[in-house]
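Structure file data-v1.txt with compact mmCIF, C-alpha atoms:
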# COMPACT_ATOMS: atom_id res chain seq x y z
CA MET V 685 -65.44 -29.83 -8.79
CA PHE V 686 -64.44 -29.22 -5.19
CA ARG V 687 -66.11 -31.50 -2.66
CA ARG V 688 -65.27 -29.31 0.29
CA LYS V 689 -64.86 -25.59 0.61
CA ARG V 690 -61.68 -26.12 2.58
CA ASP V 691 -60.06 -27.80 -0.42
CA MET V 692 -60.85 -24.71 -2.48
CA ASP V 693 -59.43 -22.46 0.23
CA LEU V 694 -56.19 -24.44 0.35
CA LEU V 695 -55.78 -24.21 -3.42
CA LEU V 696 -56.45 -20.48 -3.26
CA VAL V 697 -53.86 -20.01 -0.52
CA ASP V 698 -51.26 -22.10 -2.33
CA SER V 699 -51.74 -20.10 -5.52
CA LYS V 700 -51.31 -16.81 -3.71
CA ILE V 701 -48.24 -17.65 -1.65
CA TYR V 702 -46.28 -19.59 -4.30
CA GLU V 703 -42.82 -18.23 -4.93
CA PRO V 704 -39.83 -19.58 -6.88
CA ALA V 705 -37.59 -21.83 -4.77
CA ASN V 706 -34.53 -19.60 -5.15
CA THR V 707 -36.25 -16.75 -3.31
CA TYR V 708 -36.48 -18.68 -0.04
CA LEU V 709 -34.02 -18.25 2.82
CA SER V 710 -31.68 -21.05 3.85
CA ILE V 711 -30.87 -21.86 7.49
CA THR V 712 -27.52 -20.10 7.06
CA PHE V 713 -28.98 -16.86 5.79
CA ALA V 714 -31.85 -16.96 8.31
CA THR V 715 -29.12 -17.19 10.97
CA PHE V 716 -27.37 -14.19 9.42
CA CYS V 717 -30.65 -12.24 9.49
CA ILE V 718 -31.03 -12.81 13.22
CA VAL V 719 -27.37 -11.95 13.94
CA ASP V 720 -27.81 -8.79 11.87
CA MET V 721 -30.88 -7.79 13.89
CA VAL V 722 -28.92 -8.10 17.14
CA GLY V 723 -26.00 -6.36 15.47
CA LEU V 724 -23.33 -4.51 17.43
CA PHE V 725 -25.48 -3.27 20.28
CA PRO V 726 -24.08 -5.94 22.64
CA VAL V 727 -20.62 -4.51 21.89
CA ILE V 728 -21.47 -0.81 21.88
CA ALA V 729 -24.19 -0.29 24.48
CA LEU V 730 -24.44 -3.36 26.72
CA PRO V 731 -21.18 -3.70 28.75
CA ARG V 732 -21.84 -0.67 30.99
CA ALA V 733 -25.29 -1.94 31.98
CA ILE V 734 -23.87 -5.40 32.74
CA ILE V 735 -20.93 -4.06 34.77
CA ASP V 736 -23.28 -1.83 36.80
CA CYS V 737 -24.82 -5.09 38.05
CA GLY V 738 -21.47 -6.13 39.56
CA TRP V 739 -20.87 -9.85 39.92
CA LEU V 740 -24.52 -10.51 38.94
CA GLY V 741 -24.03 -8.99 35.47
CA LEU V 742 -22.82 -12.02 33.51
CA PRO V 743 -25.21 -14.50 35.20
CA LEU V 744 -28.06 -12.07 34.44
CA ALA V 745 -27.01 -11.88 30.78
CA ILE V 746 -26.76 -15.66 30.46
CA GLY V 747 -30.17 -16.12 32.13
CA VAL V 748 -31.93 -13.56 29.94
CA LEU V 749 -30.32 -14.90 26.75
CA SER V 750 -31.28 -18.49 27.61
CA THR V 751 -34.88 -17.45 28.23
CA GLU V 752 -34.97 -15.48 24.97
CA ILE V 753 -33.76 -18.51 23.02
CA TYR V 754 -36.51 -20.61 24.61
CA THR V 755 -39.31 -18.12 23.91
CA ALA V 756 -38.05 -17.43 20.37
CA ILE V 757 -38.23 -21.15 19.60
CA LEU V 758 -41.72 -21.23 21.11
CA LEU V 759 -42.78 -18.38 18.84
CA GLY V 760 -41.49 -20.21 15.78
CA LYS V 761 -43.44 -23.31 16.82
CA CYS V 762 -46.54 -21.18 17.26
CA TRP V 763 -46.57 -20.41 13.54
CA ILE V 764 -46.29 -24.12 12.68
CA LEU V 765 -49.23 -24.86 14.97
CA SER V 766 -51.19 -21.96 13.48
CA GLU V 767 -50.74 -23.33 9.96
CA LYS V 768 -52.12 -26.67 11.09
CA LEU V 769 -55.13 -25.00 12.67
CA ASP V 770 -55.85 -22.60 9.81
CA HIS V 771 -54.12 -22.75 6.43
CA SER V 772 -55.53 -19.37 5.43
CA ILE V 773 -53.25 -17.72 8.01
CA ASN V 774 -50.60 -17.71 5.26
CA LEU V 775 -52.51 -14.85 3.68
CA LYS V 776 -51.61 -12.74 6.73
CA LYS V 777 -47.88 -13.38 6.62
CA ARG V 778 -47.05 -9.67 6.28
CA CYS V 779 -47.91 -9.36 9.99
CA PRO V 780 -47.44 -12.92 11.31
CA TYR V 781 -47.21 -12.09 15.02
CA GLY V 782 -50.58 -10.35 14.99
CA ALA V 783 -52.08 -13.17 12.90
CA ILE V 784 -51.08 -15.76 15.51
CA VAL V 785 -52.50 -13.67 18.36
CA GLU V 786 -55.75 -13.17 16.45
CA LEU V 787 -56.11 -16.92 15.89
CA ALA V 788 -55.40 -17.70 19.55
CA PHE V 789 -57.04 -14.83 21.44
CA GLY V 790 -59.06 -12.71 19.03
CA LYS V 791 -58.91 -9.43 17.15
CA LYS V 792 -58.72 -7.00 20.09
CA LEU V 793 -55.60 -8.51 21.63
CA SER V 794 -54.11 -8.85 18.14
CA ASN V 795 -54.49 -5.09 17.59
CA TYR V 796 -52.75 -4.43 20.92
CA VAL V 797 -49.84 -6.73 20.05
CA LYS V 798 -49.47 -5.09 16.63
CA PHE V 799 -49.34 -1.70 18.33
CA ILE V 800 -46.59 -2.59 20.83
CA LEU V 801 -44.76 -4.54 18.12
CA ASP V 802 -44.64 -1.54 15.80
CA LEU V 803 -43.82 0.81 18.66
CA SER V 804 -40.88 -1.32 19.84
CA ILE V 805 -39.43 -1.57 16.32
CA PHE V 806 -39.88 2.16 15.81
CA GLY V 807 -38.18 2.85 19.15
CA ALA V 808 -35.30 0.61 18.09
CA SER V 809 -34.88 2.58 14.87
CA ILE V 810 -34.57 5.84 16.84
CA SER V 811 -31.89 4.25 19.02
CA ASP V 812 -30.05 3.01 15.91
CA LEU V 813 -30.02 6.51 14.46
CA LEU V 814 -28.75 8.05 17.71
CA ILE V 815 -25.91 5.54 18.08
CA ALA V 816 -24.83 5.97 14.45
CA SER V 817 -24.93 9.78 14.57
CA GLN V 818 -23.03 9.96 17.87
CA ASN V 819 -20.38 7.63 16.45
CA LEU V 820 -19.90 9.98 13.50
CA GLN V 821 -19.48 12.93 15.86
CA ILE V 822 -16.83 11.02 17.81
CA ILE V 823 -15.02 10.07 14.58
CA GLY V 824 -14.92 13.72 13.53
CA LEU V 825 -13.62 14.81 16.92
CA LYS V 826 -10.83 12.24 17.09
CA MET V 827 -9.71 12.56 13.48
CA SER V 828 -9.44 16.36 13.85
CA SER V 829 -7.70 16.21 17.25
CA TYR V 830 -10.87 17.63 18.85
CA GLU V 831 -10.78 20.80 16.73
CA THR V 832 -13.90 20.01 14.65
CA ASN V 833 -17.09 19.20 16.49
CA ILE V 834 -20.07 18.59 14.23
CA SER V 835 -23.03 17.84 16.49
CA TYR V 836 -24.70 14.46 16.25
CA CYS V 837 -27.93 16.46 15.95
CA TYR V 838 -26.89 17.30 12.37
CA TRP V 839 -25.49 13.85 11.63
CA LEU V 840 -28.86 12.44 12.65
CA ILE V 841 -30.55 14.27 9.78
CA ILE V 842 -27.83 13.35 7.28
CA ILE V 843 -27.99 9.63 8.17
CA GLY V 844 -31.79 9.58 8.06
CA VAL V 845 -31.91 11.04 4.57
CA SER V 846 -29.03 8.84 3.33
CA ILE V 847 -30.40 5.47 4.45
CA SER V 848 -34.00 6.04 3.35
CA PRO V 849 -33.51 4.37 -0.08
CA ILE V 850 -32.21 1.21 1.61
CA MET V 851 -35.52 0.94 3.46
CA TRP V 852 -37.42 0.55 0.19
CA PHE V 853 -36.57 -3.16 -0.09
CA GLY V 854 -39.49 -5.48 0.64
CA SER V 855 -38.62 -8.25 3.11
CA PRO V 856 -35.55 -10.16 4.44
CA LYS V 857 -35.23 -12.24 1.27
CA ASP V 858 -34.66 -9.00 -0.67
CA LEU V 859 -31.81 -7.98 1.64
CA LYS V 860 -29.38 -10.88 1.27
CA ILE V 861 -26.37 -8.81 0.21
CA ILE V 862 -27.04 -6.27 2.97
CA GLY V 863 -27.43 -9.06 5.54
CA ILE V 864 -24.17 -10.81 4.61
CA THR V 865 -22.28 -7.51 4.60
CA SER V 866 -23.73 -6.51 7.95
CA VAL V 867 -22.85 -9.79 9.66
CA SER V 868 -19.29 -9.62 8.32
CA VAL V 869 -18.98 -6.12 9.77
CA VAL V 870 -20.33 -7.35 13.14
CA PHE V 871 -17.55 -9.91 13.52
CA LEU V 872 -14.78 -7.61 12.24
CA THR V 873 -15.84 -4.69 14.43
CA SER V 874 -16.13 -6.92 17.49
CA PHE V 875 -12.57 -8.15 16.97
CA LEU V 876 -11.27 -4.60 16.52
CA THR V 877 -13.10 -3.51 19.69
CA TRP V 878 -11.54 -6.34 21.69
CA LEU V 879 -8.10 -5.25 20.46
CA SER V 880 -8.80 -1.67 21.53
CA ILE V 881 -10.08 -2.70 24.97
CA SER V 882 -7.12 -5.03 25.59
CA SER V 883 -4.72 -2.11 24.99
CA VAL V 884 -6.11 -0.26 28.03
CA ASN V 885 -4.00 -1.16 31.08
CA ASP V 886 -3.69 2.12 33.01
CA VAL V 887 -7.21 2.16 34.43
CA ARG V 888 -7.86 1.08 38.01
CA VAL V 889 -10.56 -1.55 37.57
CA ARG V 890 -13.45 -1.28 40.04
CA ILE V 891 -16.59 -3.41 39.94
CA PRO V 892 -19.65 -1.82 41.61
CA GLU V 893 -22.05 -3.59 43.93
CA PRO V 894 -25.29 -4.78 42.32
CA SER V 895 -28.57 -3.00 43.05
CA TRP V 896 -32.20 -3.60 42.13
CA GLU V 897 -32.16 -0.51 39.94
CA SER V 898 -29.05 -1.57 38.00
CA ILE V 899 -30.48 -5.07 37.52
CA GLY V 900 -33.82 -3.69 36.33
CA ILE V 901 -32.22 -1.33 33.81
CA ALA V 902 -29.79 -4.03 32.60
CA TYR V 903 -32.70 -6.40 32.03
CA GLY V 904 -34.47 -3.76 29.93
CA ILE V 905 -31.37 -3.09 27.83
CA LEU V 906 -30.71 -6.83 27.40
CA ALA V 907 -34.30 -7.36 26.33
CA PHE V 908 -34.02 -4.45 23.90
CA GLN V 909 -30.72 -5.46 22.34
CA PHE V 910 -31.59 -9.13 21.83
CA ASP V 911 -35.16 -8.40 20.81
CA VAL V 912 -35.43 -10.51 17.66
CA HIS V 913 -39.02 -11.63 18.29
CA PRO V 914 -40.78 -8.86 16.32
CA MET V 915 -38.73 -9.65 13.21
CA LEU V 916 -38.27 -13.38 13.79
CA LEU V 917 -41.55 -14.43 12.21
CA SER V 918 -40.87 -12.30 9.14
CA VAL V 919 -37.64 -14.26 8.65
CA GLN V 920 -39.52 -17.53 9.17
CA MET V 921 -42.07 -16.55 6.51
CA ASP V 922 -39.25 -16.37 3.94
CA MET V 923 -37.82 -19.82 4.80
CA LYS V 924 -38.60 -22.82 2.61
CA ASN V 925 -38.87 -25.12 5.65
CA LYS V 926 -40.34 -23.00 8.42
CA ARG V 927 -39.52 -25.67 11.03
CA ASP V 928 -35.82 -24.86 10.56
CA ILE V 929 -36.24 -21.53 12.33
CA SER V 930 -35.33 -23.20 15.65
CA LYS V 931 -31.91 -24.17 14.28
CA ALA V 932 -31.34 -20.64 13.00
CA ILE V 933 -32.30 -19.17 16.39
CA ILE V 934 -29.87 -21.39 18.30
CA LEU V 935 -26.98 -20.73 15.90
CA ALA V 936 -27.61 -16.98 15.86
CA PHE V 937 -27.77 -16.66 19.64
CA ILE V 938 -24.59 -18.71 20.02
CA MET V 939 -22.84 -16.21 17.73
CA SER V 940 -24.32 -13.01 19.13
CA GLY V 941 -24.30 -14.25 22.72
CA SER V 942 -20.62 -15.18 22.47
CA ILE V 943 -19.76 -11.73 21.11
CA CYS V 944 -21.72 -10.15 23.96
CA LEU V 945 -20.13 -12.21 26.74
CA ILE V 946 -16.58 -11.85 25.39
CA THR V 947 -16.96 -8.07 25.12
CA CYS V 948 -18.33 -7.83 28.66
CA LEU V 949 -15.47 -10.00 29.96
CA PHE V 950 -12.89 -7.73 28.32
CA CYS V 951 -14.62 -4.70 29.88
CA TYR V 952 -14.69 -6.34 33.32
CA LEU V 953 -10.93 -7.03 33.13
CA HIS V 954 -9.69 -3.76 31.57
CA LEU V 955 -12.25 -1.00 32.23
CA GLY V 956 -14.53 -1.86 35.14
CA ASP V 957 -17.01 0.89 35.99
CA SER V 958 -15.02 3.41 33.91
CA VAL V 959 -16.66 2.03 30.76
CA GLU V 960 -19.09 4.49 29.17
CA TYR V 961 -22.61 3.79 27.92
CA ASN V 962 -21.10 3.74 24.44
CA THR V 963 -18.16 1.38 24.92
CA LEU V 964 -16.20 2.90 22.05
CA GLN V 965 -16.23 6.28 23.80
CA SER V 966 -14.24 4.73 26.67
CA LEU V 967 -11.21 3.83 24.55
CA PRO V 968 -8.10 5.85 23.66
CA GLN V 969 -7.77 7.19 20.14
CA SER V 970 -6.11 4.83 17.67
CA PHE V 971 -6.42 3.73 14.06
CA VAL V 972 -8.03 0.48 15.21
CA LEU V 973 -10.65 2.41 17.19
CA ASP V 974 -11.35 4.80 14.31
CA LEU V 975 -11.90 1.84 12.01
CA ALA V 976 -14.18 0.19 14.57
CA LEU V 977 -16.23 3.39 14.88
CA CYS V 978 -16.65 3.68 11.11
CA LEU V 979 -17.63 0.03 10.70
CA SER V 980 -20.03 0.11 13.64
CA THR V 981 -21.81 3.11 12.16
CA ILE V 982 -22.23 1.30 8.84
CA GLN V 983 -23.51 -1.85 10.58
CA VAL V 984 -26.06 0.00 12.70
CA CYS V 985 -27.52 1.58 9.55
CA LEU V 986 -27.62 -1.76 7.70
CA SER V 987 -29.20 -3.48 10.71
CA MET V 988 -31.90 -0.84 10.80
CA ALA V 989 -32.88 -1.77 7.23
CA MET V 990 -33.36 -5.43 8.18
CA GLY V 991 -34.99 -4.83 11.56
CA SER V 992 -37.59 -2.34 10.32
CA THR V 993 -39.16 -4.47 7.58
CA SER V 994 -41.71 -5.99 9.95
CA LEU V 995 -42.91 -2.51 10.95
CA PHE V 996 -43.16 -1.39 7.33
CA GLN V 997 -45.00 -4.52 6.24
CA ASP V 998 -47.60 -4.12 8.97
CA ILE V 999 -48.26 -0.47 8.11
CA GLU V 1000 -48.43 -1.30 4.40
CA GLU V 1001 -50.87 -4.11 5.06
CA SER V 1002 -53.09 -1.74 7.07
CA LEU V 1003 -52.98 0.86 4.28
CA ARG V 1004 -53.47 -1.81 1.59
CA ILE V 1005 -50.19 -0.99 -0.15
CA GLU V 1006 -49.20 -3.78 -2.54
CA PRO V 1007 -46.20 -6.02 -1.62
CA GLU V 1008 -44.35 -5.09 -4.83
CA PHE V 1009 -42.22 -1.96 -5.03
CA SER V 1010 -44.18 1.24 -5.61
CA TRP V 1011 -43.81 4.93 -4.94
CA ARG V 1012 -46.42 4.59 -2.20
CA ARG V 1013 -44.15 2.13 -0.40
CA ALA V 1014 -41.09 4.33 -0.93
CA GLY V 1015 -42.93 7.42 0.34
CA LEU V 1016 -44.31 5.65 3.41
CA ARG V 1017 -40.96 4.19 4.42
CA THR V 1018 -39.08 7.42 3.82
CA GLY V 1019 -41.63 9.34 5.87
CA THR V 1020 -41.34 6.83 8.74
CA VAL V 1021 -37.54 7.18 8.81
CA LEU V 1022 -37.78 10.97 8.84
CA LEU V 1023 -40.29 10.78 11.70
CA ALA V 1024 -37.77 8.66 13.63
CA VAL V 1025 -35.15 11.35 12.94
CA ALA V 1026 -37.46 14.07 14.25
CA LEU V 1027 -38.18 12.14 17.46
CA GLY V 1028 -34.49 11.27 17.83
CA GLU V 1029 -33.78 15.00 18.05
CA ALA V 1030 -35.94 15.05 21.20
CA VAL V 1031 -34.35 12.03 22.98
CA PRO V 1032 -31.55 12.92 25.41
CA ARG V 1033 -29.76 9.55 25.55
CA ALA V 1034 -29.95 6.36 23.46
CA GLU V 1035 -29.51 3.93 26.37
CA LEU V 1036 -32.45 5.50 28.23
CA LEU V 1037 -34.65 4.78 25.25
CA MET V 1038 -33.30 1.21 25.12
CA GLY V 1039 -34.12 0.58 28.77
CA LEU V 1040 -37.58 2.11 28.56
CA VAL V 1041 -38.64 0.39 25.32
CA GLY V 1042 -36.94 -2.87 26.30
CA GLY V 1043 -38.63 -2.98 29.68
CA ALA V 1044 -42.11 -1.76 28.81
CA LEU V 1045 -42.65 -3.22 25.32
CA THR V 1046 -40.23 -5.91 24.22
CA GLY V 1047 -40.50 -7.78 27.52
CA GLN V 1048 -44.13 -8.52 26.67
CA LEU V 1049 -43.28 -9.68 23.15
CA MET V 1050 -40.49 -11.97 24.38
CA PHE V 1051 -41.49 -13.30 27.79
CA LEU V 1052 -45.26 -12.96 27.99
CA PHE V 1053 -46.95 -13.67 24.67
CA PRO V 1054 -44.84 -16.58 23.26
CA PRO V 1055 -45.58 -18.92 26.23
CA LEU V 1056 -49.25 -17.88 26.32
CA LEU V 1057 -49.65 -18.35 22.57
CA TYR V 1058 -47.92 -21.72 22.61
CA TRP V 1059 -50.08 -22.98 25.47
CA ARG V 1060 -53.27 -21.74 23.82
CA LEU V 1061 -52.49 -23.13 20.36
CA ARG V 1062 -51.46 -26.52 21.75
CA ALA V 1063 -54.72 -26.64 23.68
CA MET V 1064 -56.71 -25.70 20.56
CA SER V 1065 -54.91 -28.34 18.51
CA SER V 1066 -55.49 -31.11 21.07
CA SER V 1067 -59.21 -30.32 21.33
CA THR V 1068 -59.86 -30.12 17.58
CA PRO V 1069 -58.25 -33.13 15.83
CA GLY V 1070 -57.42 -32.53 12.20
CA TYR V 1071 -58.80 -29.00 12.16
CA GLY V 1072 -57.46 -26.91 9.29
CA SER V 1073 -55.41 -29.67 7.70
CA ILE V 1074 -56.55 -32.88 6.02
CA GLY V 1075 -55.21 -35.92 7.81
CA THR V 1076 -53.43 -33.92 10.52
CA ALA V 1077 -53.39 -35.62 13.91
CA SER V 1078 -54.13 -33.68 17.05
CA THR V 1079 -51.21 -32.22 18.99
CA PRO V 1080 -51.03 -33.14 22.68
CA ALA V 1081 -51.21 -30.33 25.20
CA PRO V 1082 -48.04 -29.47 27.16
CA ASP V 1083 -47.27 -31.90 29.99
CA ARG V 1084 -47.20 -30.77 33.62
CA THR V 1085 -43.47 -29.98 33.68
CA HIS V 1086 -43.61 -27.95 30.48
CA HIS V 1087 -46.72 -26.20 31.74
CA LEU V 1088 -44.88 -25.14 34.92
CA VAL V 1089 -41.97 -23.83 32.84
CA LEU V 1090 -44.37 -21.75 30.73
CA VAL V 1091 -46.02 -20.34 33.86
CA ALA V 1092 -42.63 -19.52 35.41
CA VAL V 1093 -41.44 -17.69 32.28
CA VAL V 1094 -44.63 -15.61 32.18
CA ALA V 1095 -44.45 -14.78 35.92
CA VAL V 1096 -40.79 -13.81 35.88
CA GLY V 1097 -41.25 -11.88 32.62
CA LEU V 1098 -44.12 -9.85 34.09
CA ALA V 1099 -42.22 -9.02 37.28
CA ALA V 1100 -39.06 -8.07 35.36
CA THR V 1101 -41.06 -5.95 32.91
CA PHE V 1102 -42.74 -3.94 35.69
CA CYS V 1103 -39.48 -3.39 37.59
CA SER V 1104 -37.48 -2.49 34.50
CA THR V 1105 -40.14 -0.05 33.28
CA TYR V 1106 -40.25 1.70 36.64
CA PHE V 1107 -36.48 2.12 36.97
CA ALA V 1108 -35.99 3.09 33.31
CA PHE V 1109 -38.77 5.70 33.50
CA ARG V 1110 -37.32 7.14 36.71
CA SER V 1111 -33.83 7.31 35.20
CA THR V 1112 -35.21 8.97 32.08
CA LEU V 1113 -36.78 11.72 34.16
CA GLN V 1114 -33.57 12.21 36.16
CA TYR V 1115 -31.27 12.39 33.13
CA ALA V 1116 -33.66 14.61 31.18
CA GLU V 1117 -33.13 17.30 33.81
CA PHE V 1118 -29.46 17.80 32.94
CA VAL V 1119 -28.89 16.06 29.59
CA PRO V 1120 -30.19 18.34 26.84
CA SER V 1121 -31.83 17.05 23.68
CA CYS V 1122 -31.13 18.48 20.25
CA LEU V 1123 -34.48 20.26 20.18
CA ILE V 1124 -33.60 22.13 23.35
CA ASN V 1125 -29.98 22.98 22.57
CA SER V 1126 -27.96 21.27 19.84
CA THR V 1127 -24.71 22.93 20.98
CA ALA V 1128 -25.08 21.77 24.59
CA ALA V 1129 -26.03 18.27 23.45
CA SER V 1130 -22.97 18.15 21.22
CA GLU V 1131 -20.68 19.31 24.03
CA PHE V 1132 -22.14 16.69 26.37
CA VAL V 1133 -21.37 13.86 23.92
CA SER V 1134 -17.86 15.17 23.26
CA GLN V 1135 -17.12 15.32 27.00
CA VAL V 1136 -18.38 11.78 27.49

Go ahead and render the structure in this file as structure tokens.
Amino acid sequence: MFRRKRDMDLLLVDSKIYEPANTYLSITFATFCIVDMVGLFPVIALPRAIIDCGWLGLPLAIGVLSTEIYTAILLGKCWILSEKLDHSINLKKRCPYGAIVELAFGKKLSNYVKFILDLSIFGASISDLLIASQNLQIIGLKMSSYETNISYCYWLIIIGVSISPIMWFGSPKDLKIIGITSVSVVFLTSFLTWLSISSVNDVRVRIPEPSWESIGIAYGILAFQFDVHPMLLSVQMDMKNKRDISKAIILAFIMSGSICLITCLFCYLHLGDSVEYNTLQSLPQSFVLDLALCLSTIQVCLSMAMGSTSLFQDIEESLRIEPEFSWRRAGLRTGTVLLAVALGEAVPRAELLMGLVGGALTGQLMFLFPPLLYWRLRAMSSSTPGYGSIGTASTPAPDRTHHLVLVAVVAVGLAATFCSTYFAFRSTLQYAEFVPSCLINSTAASEFVSQV
């Protein structure tokens, strides 16, 4: 006989979320998941944006990465606080970010966060497809001595259809082999890219002067490429000890951040402002480069499988599709990938999409909501001792110094988000005037990529 309804609720939750111990993620694999989500974008698409900022590029990258580590750790702590406040939140673990926002600020704001969360992940998947398809076009051009030019517009369709079955896996714990393979490819491809860049010595290196526009766009691309927040909580849900997510975050950002900074340093020394928006397009043809292009294409596709699970889980939860594999899940995920392919045919350039999505959407998820959620949940915990957990002591509210840090992160994040969105939107309109999309002219789009 249950003396309190809460005891019954806890037993109900425990019975529904129990899973065998061997299905949980370790700290090591959680780290690999995060590295996989960042992937090779810091190698392929980031150096040009950083170099456009001149001498401010590397300090900007270090500042943004440090802030992202801080807010990612805050977000992980928010789930721990949420569990203390309401054990039944574990029933909403298919969309954990929205569940935290609902607990802290209510249903309306939760729906908004779910919307921008899904939109940012979907935008990232379009960018992944564009990068992979353009890489395949470049491979075909270089291997045929520029005699065969199959447009990336066609590769986009081929890749979308080919990777759809990979998307049918459920959550990060079902993707261990894919995650390990992807991370191995990240390190190998980075090393091959560094070798290719170091072989370039006949370019006159010139570093441009920084401008507000270049800084704004670089911030948006940085935010986009290191945007692990939408998927971070899904990884945390699959960990046995959810408190260990902070360790995984720090280790993953050390790995991915080091790859990013080393690649940018090589580009500063050997390429300067001659580096293209796709770094691999800037390098002379060689076997090492061809191998790097092939591996990077594989990694981008594998990373898309890991990074999209949060989007799929949220849609499936809304449509009441069961967590186990079913043809409904396979059909939904395949249809979503094909929709991304269709929209990718209408996007003129991948880096424009990165800047726009990174500035307008992911900036909110990384720099605005984590500090606000952490402050709100700490305040709720300190004012309601023991709420939601038997014998749990109240959690003190942030001290004055920590409070000022939270306010500063929110203020700077808001300002950077507005500036980045403005400059990215303006650049998108300018480029769209002379960079054709596949829907307008697949031949012209193909020729543009081959010339670049």

- Query: For Met1050 of chain V, which residue among V:Ser966, V:Thr755, V:Asn774, V:Ser898 is the nearest when counting all atoms listed in the file?
  - Reply: V:Thr755

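For the pair atom CA of Leu953 of chain V and atom CA of Val869 of chain V, the interatomic distance is 24.7 Å.
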
Can you build me a table of segment 878-935 of chain V residues sitting at most 10 Å from segment 807-812 of chain V, with the closest atom pair per residue and its distance in Å to one decimal, using all atoms listed in the file, sorted by chain and residue number, as a Markdown table?
| residue | atom | partner | partner_atom | distance |
| --- | --- | --- | --- | --- |
| V:Phe908 | CA | V:Ala808 | CA | 7.8 |
| V:Gln909 | CA | V:Ala808 | CA | 8.7 |
| V:Asp911 | CA | V:Ala808 | CA | 9.4 |

Residue contacts of Cys762 of chain V (8 Å, all atoms listed in the file) excluding same-chain residues fewer than 2 positions away, as a PDB file with C-alpha atoms, keeping the file's coordinate frame:
ATOM      1  CA  LEU V 758     -41.720 -21.230  21.110  1.00  0.00           C
ATOM      2  CA  LEU V 759     -42.780 -18.380  18.840  1.00  0.00           C
ATOM      3  CA  GLY V 760     -41.490 -20.210  15.780  1.00  0.00           C
ATOM      4  CA  ILE V 764     -46.290 -24.120  12.680  1.00  0.00           C
ATOM      5  CA  LEU V 765     -49.230 -24.860  14.970  1.00  0.00           C
ATOM      6  CA  SER V 766     -51.190 -21.960  13.480  1.00  0.00           C
ATOM      7  CA  ILE V 784     -51.080 -15.760  15.510  1.00  0.00           C
ATOM      8  CA  PRO V1054     -44.840 -16.580  23.260  1.00  0.00           C
ATOM      9  CA  LEU V1057     -49.650 -18.350  22.570  1.00  0.00           C
ATOM     10  CA  TYR V1058     -47.920 -21.720  22.610  1.00  0.00           C
ATOM     11  CA  LEU V1061     -52.490 -23.130  20.360  1.00  0.00           C
TER      12      LEU V1061
END

- Message: Need the shell around segment 711-713 of chain V: protein/DNA/RNA residues with any atom at most 10 Å away, counting only C-alpha atoms. Skip same-chain ones fewer than 5 positions apart. Format as a ChimeraX atom specification?
- Response: /V:718-719,856-857,860,863-864,919-920,923-926,928-933,935-936

- Item | Glu752 of chain V surroundings by all atoms listed in the file, 9 Å radius, close-in-sequence under 6 positions cut, as JSON, numbers by chain | {"V": [907, 910, 911, 912, 913, 1050, 1051]}

Residues of the last selection are to be written out with C-alpha atoms, as a CSV table (one decimal), in the frame of the given file.
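And here's out_36.csv as it stands now:
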chain,number,residue,atom,x,y,z
V,907,ALA,CA,-34.3,-7.4,26.3
V,910,PHE,CA,-31.6,-9.1,21.8
V,911,ASP,CA,-35.2,-8.4,20.8
V,912,VAL,CA,-35.4,-10.5,17.7
V,913,HIS,CA,-39.0,-11.6,18.3
V,1050,MET,CA,-40.5,-12.0,24.4
V,1051,PHE,CA,-41.5,-13.3,27.8

Near segment 1004-1025 of chain V, 10 Å: segment 840-873 of chain V residue rows, closest pairs, all atoms listed in the file, as a Markdown table:
| residue | atom | partner | partner_atom | distance |
| --- | --- | --- | --- | --- |
| V:Leu840 | CA | V:Val1025 | CA | 6.4 |
| V:Ile841 | CA | V:Val1025 | CA | 6.3 |
| V:Ile842 | CA | V:Val1025 | CA | 9.5 |
| V:Ile843 | CA | V:Val1025 | CA | 8.8 |
| V:Gly844 | CA | V:Val1025 | CA | 6.2 |
| V:Val845 | CA | V:Leu1022 | CA | 7.3 |
| V:Ile847 | CA | V:Val1021 | CA | 8.5 |
| V:Ser848 | CA | V:Thr1018 | CA | 5.3 |
| V:Pro849 | CA | V:Thr1018 | CA | 7.5 |
| V:Ile850 | CA | V:Thr1018 | CA | 9.5 |
| V:Met851 | CA | V:Arg1017 | CA | 6.4 |
| V:Trp852 | CA | V:Ala1014 | CA | 5.4 |
| V:Phe853 | CA | V:Phe1009 | CA | 7.6 |
| V:Gly854 | CA | V:Pro1007 | CA | 7.1 |
| V:Ser855 | CA | V:Pro1007 | CA | 9.2 |

- Would you list the residues near (-43.7, -2.6, 22.4), meaning any protein, DNA or RNA residue with an atom at most 8 Å from that point in file coordinates, counting all atoms listed in the file, as a list in words?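 Result, sorted by chain then residue number: Val797, Phe799, Ile800, Leu801, Asp802, Leu803, Ser804, Ile805, Val1041, Gly1042, Ala1044, Leu1045, Thr1046, Gly1047, Gln1048 and Leu1049 of chain V.
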
- Item | Point-to-point distance in Å for atom CA of Thr877 of chain V and atom CA of Thr963 of chain V | 8.8 Å

- Expressed in Å to a single decimal, how great is the separation between atom CA of Pro780 of chain V and atom CA of Tyr708 of chain V?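 So the two atoms, atom CA of Pro780 of chain V and atom CA of Tyr708 of chain V, lie 16.8 Å apart.
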
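Among the candidate residues V:Ala902, V:Leu955, V:Leu769, V:Ala1095, the one lying nearest to Arg1060 of chain V is V:Leu769, with distances computed using all atoms listed in the file.
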
- With only C-alpha atoms as the atoms that count, which of V:Phe716, V:Phe789, V:Phe1053, V:Tyr836 lies nearest to Ala756 of chain V? V:Phe1053
